[in-house]
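Chemist: One structure is given below, represented as structure tokens, and several questions about it will come after.
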Amino acid sequence: ERPGHPGPAAPECFWLHRRDRAPGLKEADGLAIFRLKRMSTLFGVLLHLSVVDFAMLQDALNAVRARIFECLPIRAIRVTLWCVEQEGGTLKPDKEIEAAYKSCYFRWFQLTNVAGARGQVMSRPRAEPPDDPEVPKELPCIELCVGQVWFRHKGQPSSDAGSVGCARNLLLGA
């Protein structure tokens, strides 16, 4: 991953719908945003999960887990539960939300601090089938980038560098 160029690790999203409702943006029951993260191991990062009814959170988590494991050749899904100040001044994730993730087999992984905010990273490892889908094959590919760079010369260009219709102090580098 290059900065500013996430490539295959760009965030992806999908709308969540109950089975008894027709799909459509106005009828959406939730939204999931995730991405692939390549480090020493491949894992998925659940960046956002929202539902219109908290009672649907566990079903939504199970649907999102199945979808991500079905599409990505990853070992685990990670999510950051951001901490809020509790009584007594301690920082902890919302207990109900944390319990919903734990009921879907997400476990504590690590703490993180980002821009003064504390988060608890939870991880859900891939289980063996039939609990989770088979690991999809990761097909090798080649990313080819073709480009050209124009250099502006500060001084006078050499007599052979100029051409008609082109600024005389621009050179093409390949």
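Following the order of the structure tokens, chains are lettered A, B, ..., residues in each are numbered from 1, and ligands are numbered from 1.
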Within stretch 21-102 of chain A, find each residue whose DSSP state, derived from the backbone, is helix (DSSP H, G or I), and express the selection as a list in words.

Modeler: Leu25, Lys26, Glu27, Phe54, Ala55, Met56, Leu57, Gln58, Asp59, Ala60, Leu61, Asn62, Ala63, Val64, Arg65, Ala66, Arg67, Ile68, Phe69, Glu70, Cys71, Lys95, Glu96, Ile97, Glu98, Ala99, Ala100, Tyr101 and Lys102 of chain A

Chemist: So that I can see what lies close to A:Arg126, please list as a list in words the residues with an atom at most 12 Å from it, counting only C-alpha atoms and leaving out residues fewer than 6 positions away in the same chain.

Modeler: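 After dropping sequence-adjacent residues, the list is Leu42, Phe43, Gly44, Arg65, Ala66, Ile68, Phe69, Glu70, Leu72, Pro73, Ile74, Arg75, Ala76, Ile77, Arg78, Cys104, Tyr105, Phe106, Asp132, Pro133, Glu134 and Val135 of chain A.
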
Chemist: Write down as a PyMOL selection string the residues of stretch 36-122 of chain A whose backbone DSSP state falls under strand (DSSP E).

Modeler: chain A and resi 36-38+42-51+76-82+84-85+91-92+107-114+117-122

Chemist: Taking only C-alpha atoms into account, name the residue in A:His48, A:Val64, A:Arg35, A:Lys95 that is nearest to A:Leu16.

Modeler: A:Val64

Chemist: Quick one: residues within 8 Å of A:Ala9, only C-alpha atoms counted, chain neighbours fewer than 5 positions away excluded, as number ranges by chain?

Modeler: A: 1, 35-38

Chemist: Which value, in Å to one decimal, gives the distance between atom CA of A:Asp94 and atom CA of A:Asp20?

Modeler: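 Calculated distance between atom CA of A:Asp94 and atom CA of A:Asp20 is 29.9 Å.
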
Chemist: To one decimal place, how far is atom CA of A:Thr80 from atom CA of A:Glu96 in Å?

Modeler: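 So the answer is 14.7 Å.
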
Chemist: So, counting only C-alpha atoms, which residue among A:Met122, A:Ala10, A:Leu139, A:Leu31 is closest to A:Val79?

Modeler: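 Once distances to A:Val79 are computed over only C-alpha atoms, the minimum belongs to A:Met122.
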
Chemist: To one decimal place in Å, what is the distance between atom CA of A:His17 and atom CA of A:Asn62?

Modeler: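 About the pair atom CA of A:His17 and atom CA of A:Asn62: they are 13.0 Å apart.
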